[in-house]
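The file start30.cif comes next; it holds mmCIF, C-alpha atoms and all ligand atoms.
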```
data_entry
loop_
_atom_site.label_atom_id
_atom_site.label_comp_id
_atom_site.auth_asym_id
_atom_site.auth_seq_id
_atom_site.Cartn_x
_atom_site.Cartn_y
_atom_site.Cartn_z
CA MET A 1 -6.60 -7.73 8.07
CA HIS A 2 -7.77 -9.89 5.12
CA LYS A 3 -5.76 -13.14 4.80
CA ASP A 4 -4.64 -12.31 1.21
CA VAL A 5 -3.23 -8.91 2.19
CA LYS A 6 0.54 -8.60 2.78
CA SER A 7 0.47 -5.09 4.22
CA ILE A 8 -1.74 -2.06 4.67
CA LEU A 9 -0.48 0.99 2.79
CA ILE A 10 -3.19 3.46 3.92
CA GLU A 11 -5.39 2.88 6.97
CA GLU A 12 -9.12 3.63 6.98
CA ALA A 13 -8.73 6.55 9.42
CA ALA A 14 -6.13 8.21 7.19
CA ILE A 15 -8.48 7.88 4.17
CA GLU A 16 -11.33 9.47 6.14
CA GLU A 17 -9.10 12.34 7.26
CA LYS A 18 -7.92 12.88 3.67
CA CYS A 19 -11.52 12.93 2.37
CA ALA A 20 -12.32 15.67 4.90
CA GLU A 21 -9.27 17.67 3.77
CA LEU A 22 -10.11 17.24 0.06
CA GLY A 23 -13.77 18.10 0.69
CA SER A 24 -12.84 21.38 2.28
CA ILE A 25 -10.37 22.28 -0.52
CA ILE A 26 -13.04 21.43 -3.13
CA THR A 27 -15.67 23.46 -1.25
CA LYS A 28 -13.37 26.48 -1.24
CA HIS A 29 -12.47 26.03 -4.92
CA TYR A 30 -16.09 26.06 -6.14
CA SER A 31 -17.74 28.33 -3.55
CA ASP A 32 -17.70 31.45 -5.77
CA SER A 33 -18.90 29.71 -8.92
CA GLU A 34 -22.43 30.36 -10.16
CA LYS A 35 -22.44 27.25 -12.36
CA PRO A 36 -23.85 23.89 -11.23
CA LEU A 37 -21.29 21.37 -9.99
CA VAL A 38 -21.65 17.73 -11.02
CA LEU A 39 -19.33 15.07 -9.62
CA VAL A 40 -18.81 12.33 -12.21
CA ALA A 41 -17.62 9.09 -10.64
CA LEU A 42 -16.11 6.31 -12.71
CA LEU A 43 -17.52 2.87 -11.99
CA LYS A 44 -16.76 0.79 -10.13
CA GLY A 45 -13.61 1.70 -8.26
CA SER A 46 -14.46 5.26 -7.24
CA VAL A 47 -17.77 4.46 -5.45
CA PRO A 48 -16.38 4.22 -1.86
CA PHE A 49 -14.30 7.38 -2.41
CA LEU A 50 -17.30 9.31 -3.79
CA ALA A 51 -19.43 8.22 -0.82
CA ARG A 52 -16.89 9.48 1.72
CA LEU A 53 -15.90 12.63 -0.15
CA ILE A 54 -19.39 14.07 -0.63
CA LYS A 55 -19.98 14.17 3.14
CA TYR A 56 -17.33 16.88 3.28
CA ILE A 57 -18.38 19.04 0.31
CA ASP A 58 -20.43 21.90 1.71
CA LEU A 59 -22.07 22.98 -1.57
CA ASP A 60 -25.13 22.07 -3.63
CA ILE A 61 -23.88 19.32 -5.89
CA GLU A 62 -25.20 16.54 -8.07
CA TYR A 63 -23.41 13.29 -8.83
CA ASP A 64 -23.58 10.91 -11.74
CA PHE A 65 -21.73 7.81 -12.94
CA MET A 66 -19.90 6.74 -16.06
CA ASP A 67 -18.58 3.31 -16.91
CA VAL A 68 -15.97 2.96 -19.62
CA SER A 69 -13.63 0.30 -20.90
CA SER A 70 -10.39 1.29 -22.55
CA TYR A 71 -8.65 -0.44 -25.44
CA GLU A 72 -5.64 0.21 -27.63
CA GLY A 73 -6.68 2.25 -30.67
CA THR A 74 -4.68 3.08 -33.78
CA ASN A 75 -1.10 4.43 -33.43
CA SER A 76 -1.00 2.89 -29.94
CA THR A 77 -3.22 5.67 -28.60
CA ARG A 78 -5.94 4.56 -26.21
CA ASP A 79 -9.63 4.78 -26.97
CA ILE A 80 -12.49 4.34 -24.60
CA LYS A 81 -15.81 2.67 -25.11
CA ILE A 82 -18.68 4.11 -23.07
CA LEU A 83 -20.58 1.36 -21.25
CA LYS A 84 -22.72 3.79 -19.24
CA ASP A 85 -23.07 7.44 -20.14
CA LEU A 86 -24.20 10.40 -18.03
CA ASP A 87 -27.93 10.84 -17.38
CA ARG A 88 -28.00 14.61 -17.94
CA SER A 89 -26.60 17.26 -20.24
CA ILE A 90 -23.43 18.86 -18.89
CA LYS A 91 -23.44 21.91 -21.13
CA ASP A 92 -21.98 24.88 -19.20
CA VAL A 93 -21.66 22.80 -16.03
CA ASN A 94 -18.56 22.44 -13.83
CA ILE A 95 -17.47 18.81 -13.74
CA LEU A 96 -15.37 17.20 -11.05
CA LEU A 97 -14.28 13.78 -12.25
CA VAL A 98 -13.88 11.39 -9.30
CA GLU A 99 -11.26 8.64 -9.75
CA ASP A 100 -9.86 5.96 -7.47
CA ILE A 101 -6.35 6.03 -8.94
CA VAL A 102 -4.48 7.71 -11.78
CA ASP A 103 -1.94 5.28 -13.16
CA THR A 104 -0.85 5.73 -16.81
CA GLY A 105 -3.36 8.59 -17.07
CA HIS A 106 -4.94 7.28 -20.30
CA THR A 107 -8.38 6.85 -18.71
CA ILE A 108 -8.73 10.38 -17.35
CA GLU A 109 -7.19 11.88 -20.49
CA ALA A 110 -9.85 10.23 -22.67
CA ILE A 111 -12.69 11.14 -20.32
CA ILE A 112 -11.57 14.75 -19.89
CA ASN A 113 -11.62 15.11 -23.71
CA LEU A 114 -15.03 13.48 -23.91
CA LEU A 115 -16.54 15.73 -21.21
CA ASN A 116 -15.05 18.85 -22.81
CA ASN A 117 -16.60 17.78 -26.13
CA LYS A 118 -19.97 17.52 -24.38
CA GLY A 119 -19.69 21.24 -23.58
CA ALA A 120 -18.67 21.23 -19.89
CA ALA A 121 -17.70 24.67 -18.56
CA GLU A 122 -14.68 23.20 -16.74
CA VAL A 123 -13.41 19.68 -16.07
CA LYS A 124 -11.26 19.04 -13.00
CA VAL A 125 -10.16 15.72 -11.51
CA VAL A 126 -10.01 14.49 -7.92
CA SER A 127 -8.24 11.19 -7.39
CA LEU A 128 -7.79 9.36 -4.11
CA LEU A 129 -4.49 7.86 -5.28
CA ASP A 130 -1.83 8.88 -7.77
CA LYS A 131 1.05 6.78 -9.14
CA PRO A 132 3.07 9.51 -10.88
CA SER A 133 5.96 7.14 -11.73
CA ARG A 134 3.66 5.23 -14.12
CA ARG A 135 2.36 8.24 -16.07
CA GLU A 136 2.27 7.99 -19.89
CA ALA A 137 -0.41 10.57 -20.80
CA ASN A 138 0.27 14.26 -20.23
CA VAL A 139 -2.41 14.73 -17.55
CA LYS A 140 -2.64 15.08 -13.81
CA ALA A 141 -5.34 15.18 -11.20
CA ASP A 142 -6.11 18.65 -9.81
CA PHE A 143 -6.79 17.32 -6.31
CA VAL A 144 -4.90 14.24 -5.07
CA GLY A 145 -5.32 12.28 -1.85
CA PHE A 146 -2.13 10.24 -1.69
CA GLU A 147 0.86 9.76 -4.00
CA ILE A 148 1.86 6.11 -3.84
CA PRO A 149 4.83 4.11 -5.14
CA ASN A 150 4.61 1.77 -8.13
CA GLU A 151 2.79 -1.05 -6.34
CA PHE A 152 -0.45 -2.75 -7.32
CA VAL A 153 -2.95 -1.86 -4.60
CA ILE A 154 -6.40 -3.14 -3.65
CA GLY A 155 -9.20 -2.11 -1.30
CA PHE A 156 -11.44 0.94 -0.88
CA GLY A 157 -12.92 0.31 -4.34
CA LEU A 158 -9.80 -1.01 -6.03
CA ASP A 159 -9.90 -4.63 -7.17
CA PHE A 160 -7.87 -7.58 -8.32
CA ASN A 161 -10.15 -9.68 -10.59
CA GLU A 162 -13.18 -7.89 -9.07
CA LYS A 163 -12.23 -8.90 -5.51
CA TYR A 164 -11.19 -6.89 -2.45
CA ARG A 165 -13.17 -3.72 -3.38
CA GLN A 166 -14.98 -3.83 -0.03
CA LEU A 167 -11.89 -3.61 2.16
CA PRO A 168 -11.93 -0.35 4.15
CA TYR A 169 -8.18 0.29 3.68
CA ILE A 170 -5.68 0.40 0.79
CA GLY A 171 -3.49 -2.69 0.88
CA ILE A 172 -0.90 -4.71 -1.01
CA LEU A 173 -1.66 -8.35 -1.82
CA LYS A 174 0.55 -11.28 -0.95
CA ASP A 175 2.70 -12.30 -3.93
CA GLU A 176 1.17 -15.80 -4.15
CA ILE A 177 -2.27 -14.31 -4.93
CA TYR A 178 -1.00 -13.06 -8.30
CA GLN A 179 0.46 -16.45 -9.26
P1 LIG A 201 -4.92 4.48 -16.10
O1 LIG A 201 -5.74 4.70 -17.32
O2 LIG A 201 -3.67 3.66 -16.40
O3 LIG A 201 -4.58 5.74 -15.35
O4 LIG A 201 -5.73 3.49 -15.18
C1 LIG A 201 -6.63 3.84 -14.22
C2 LIG A 201 -7.43 2.62 -13.82
O5 LIG A 201 -6.63 1.43 -13.75
C3 LIG A 201 -7.96 2.82 -12.42
O6 LIG A 201 -9.21 3.48 -12.43
C4 LIG A 201 -8.04 1.40 -11.90
O7 LIG A 201 -9.28 0.82 -12.26
C5 LIG A 201 -6.92 0.66 -12.61
N1 LIG A 201 -5.71 0.57 -11.77
C6 LIG A 201 -4.55 1.21 -11.94
N2 LIG A 201 -3.66 0.89 -10.95
C7 LIG A 201 -4.30 0.03 -10.14
C8 LIG A 201 -3.92 -0.65 -8.91
O8 LIG A 201 -2.82 -0.51 -8.35
N3 LIG A 201 -4.87 -1.44 -8.35
C9 LIG A 201 -6.12 -1.61 -8.89
N4 LIG A 201 -6.50 -1.00 -10.02
C10 LIG A 201 -5.62 -0.17 -10.64
#
```
Translate this file's structure into structure tokens.
Amino acid sequence: MHKDVKSILIEEAAIEEKCAELGSIITKHYSDSEKPLVLVALLKGSVPFLARLIKYIDLDIEYDFMDVSSYEGTNSTRDIKILKDLDRSIKDVNILLVEDIVDTGHTIEAIINLLNNKGAAEVKVVSLLDKPSRREANVKADFVGFEIPNEFVIGFGLDFNEKYRQLPYIGILKDEIYQ
């Protein structure tokens, strides 16, 4: 275990097993659709999850990346600035947005709206982690790996000041690291 980590919340083997389970649910969900399926992963946190998940999706898919930063807009609503947009048109395409964690929900809410405005046939969300107790926006992921308590977590793509993304498990940092 990394020296800065207080405890492991989700072990690597459990993440792998969950990716297999989600992959098979996703395969079943889209198997009758005639439309192309594009997985849209949000940089940078969802990269390890995308890499594991796609091994278990038994369909012809494409994947692409978006990078956004969010800021407080007028009337305390959130706005997002696109730092990297999709490479292709998504008109009449099924989109599966791949997220590491849904926290307040503002990020996926803004991106779902944006992808719908680009003419997607359907936008669904798969998130490895979900912190439902922190939700502010009226959104939820369609496919969820693990519901977790209100703790700040790192590892498997998730960072604290850009560190710890490479850890193969989801962990909780020692308190002194935040101070
Ligand atoms: P939301 O817009 O509040 O749902 O935020 C989602 C984004 O916040 C995630 O994609 C993460 O980048 C970040 N985030 C939320 N909770 C955590 C956490 O516990 N650890 C690391 N990053 C987090």
field: ligand LIG 201 (chain A) neighbours within 7 Å using all atoms listed in the file, as a PyMOL selection string
entry: chain A and resi 45+99-108+151-154+158-160
field: Selected residue of minimal separation from Ile170 of chain A among A:Pro48, A:Pro132, A:Pro36, A:Gly23, counting all atoms listed in the file
entry: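 Smallest distance to Ile170 of chain A is found for A:Pro48.
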message: Please report the interatomic distance between atom CA of Asp142 of chain A and atom CA of Ser70 of chain A in Å with one decimal.
response: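 Atom-to-atom, atom CA of Asp142 of chain A and atom CA of Ser70 of chain A are spaced 22.0 Å apart.
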- prompt: Between A:Phe143, A:Phe65, A:Tyr56, A:Tyr164, which has the minimum distance to Ala41 of chain A (counting all atoms listed in the file)?
  reply: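 Ranked by minimum distance to Ala41 of chain A, first place goes to A:Phe65.
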query: Expressed in Å to a single decimal, how great is the separation between atom CA of Ala137 of chain A and atom CA of Ser69 of chain A?
result: 16.7 Å
- request: Please return, as JSON, numbers by chain, all polymer residues that have at least one atom within 7 Å of the point (-18.4, 14.3, -8.8); use all atoms listed in the file and the file's own coordinate frame.
  value: {"A": [38, 39, 40, 41, 63, 64, 95, 96, 97, 98]}
query: How many Å lie between atom CA of Val93 of chain A and atom CA of Asp130 of chain A, rounded to one decimal?
result: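 Between atom CA of Val93 of chain A and atom CA of Asp130 of chain A the gap works out to 25.6 Å.
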Please provide as a PDB file with C-alpha atoms, in the frame of the given file all residues within 8 Å of Ile8 of chain A, with the sequence filter that same-chain residues fewer than 5 positions apart are discarded (counting only C-alpha atoms).
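Here's the written file part08.pdb:
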```pdb
ATOM      1  CA  TYR A 169      -8.180   0.290   3.680  1.00  0.00           C
ATOM      2  CA  ILE A 170      -5.680   0.400   0.790  1.00  0.00           C
ATOM      3  CA  GLY A 171      -3.490  -2.690   0.880  1.00  0.00           C
ATOM      4  CA  ILE A 172      -0.900  -4.710  -1.010  1.00  0.00           C
TER       5      ILE A 172
END
```
field: Distance query Ser31 of chain A at most 12 Å, all atoms listed in the file, self and fewer than 2 positions along chain excluded, as a ChimeraX atom specification
entry: /A:23-29,33-37,57-61,94
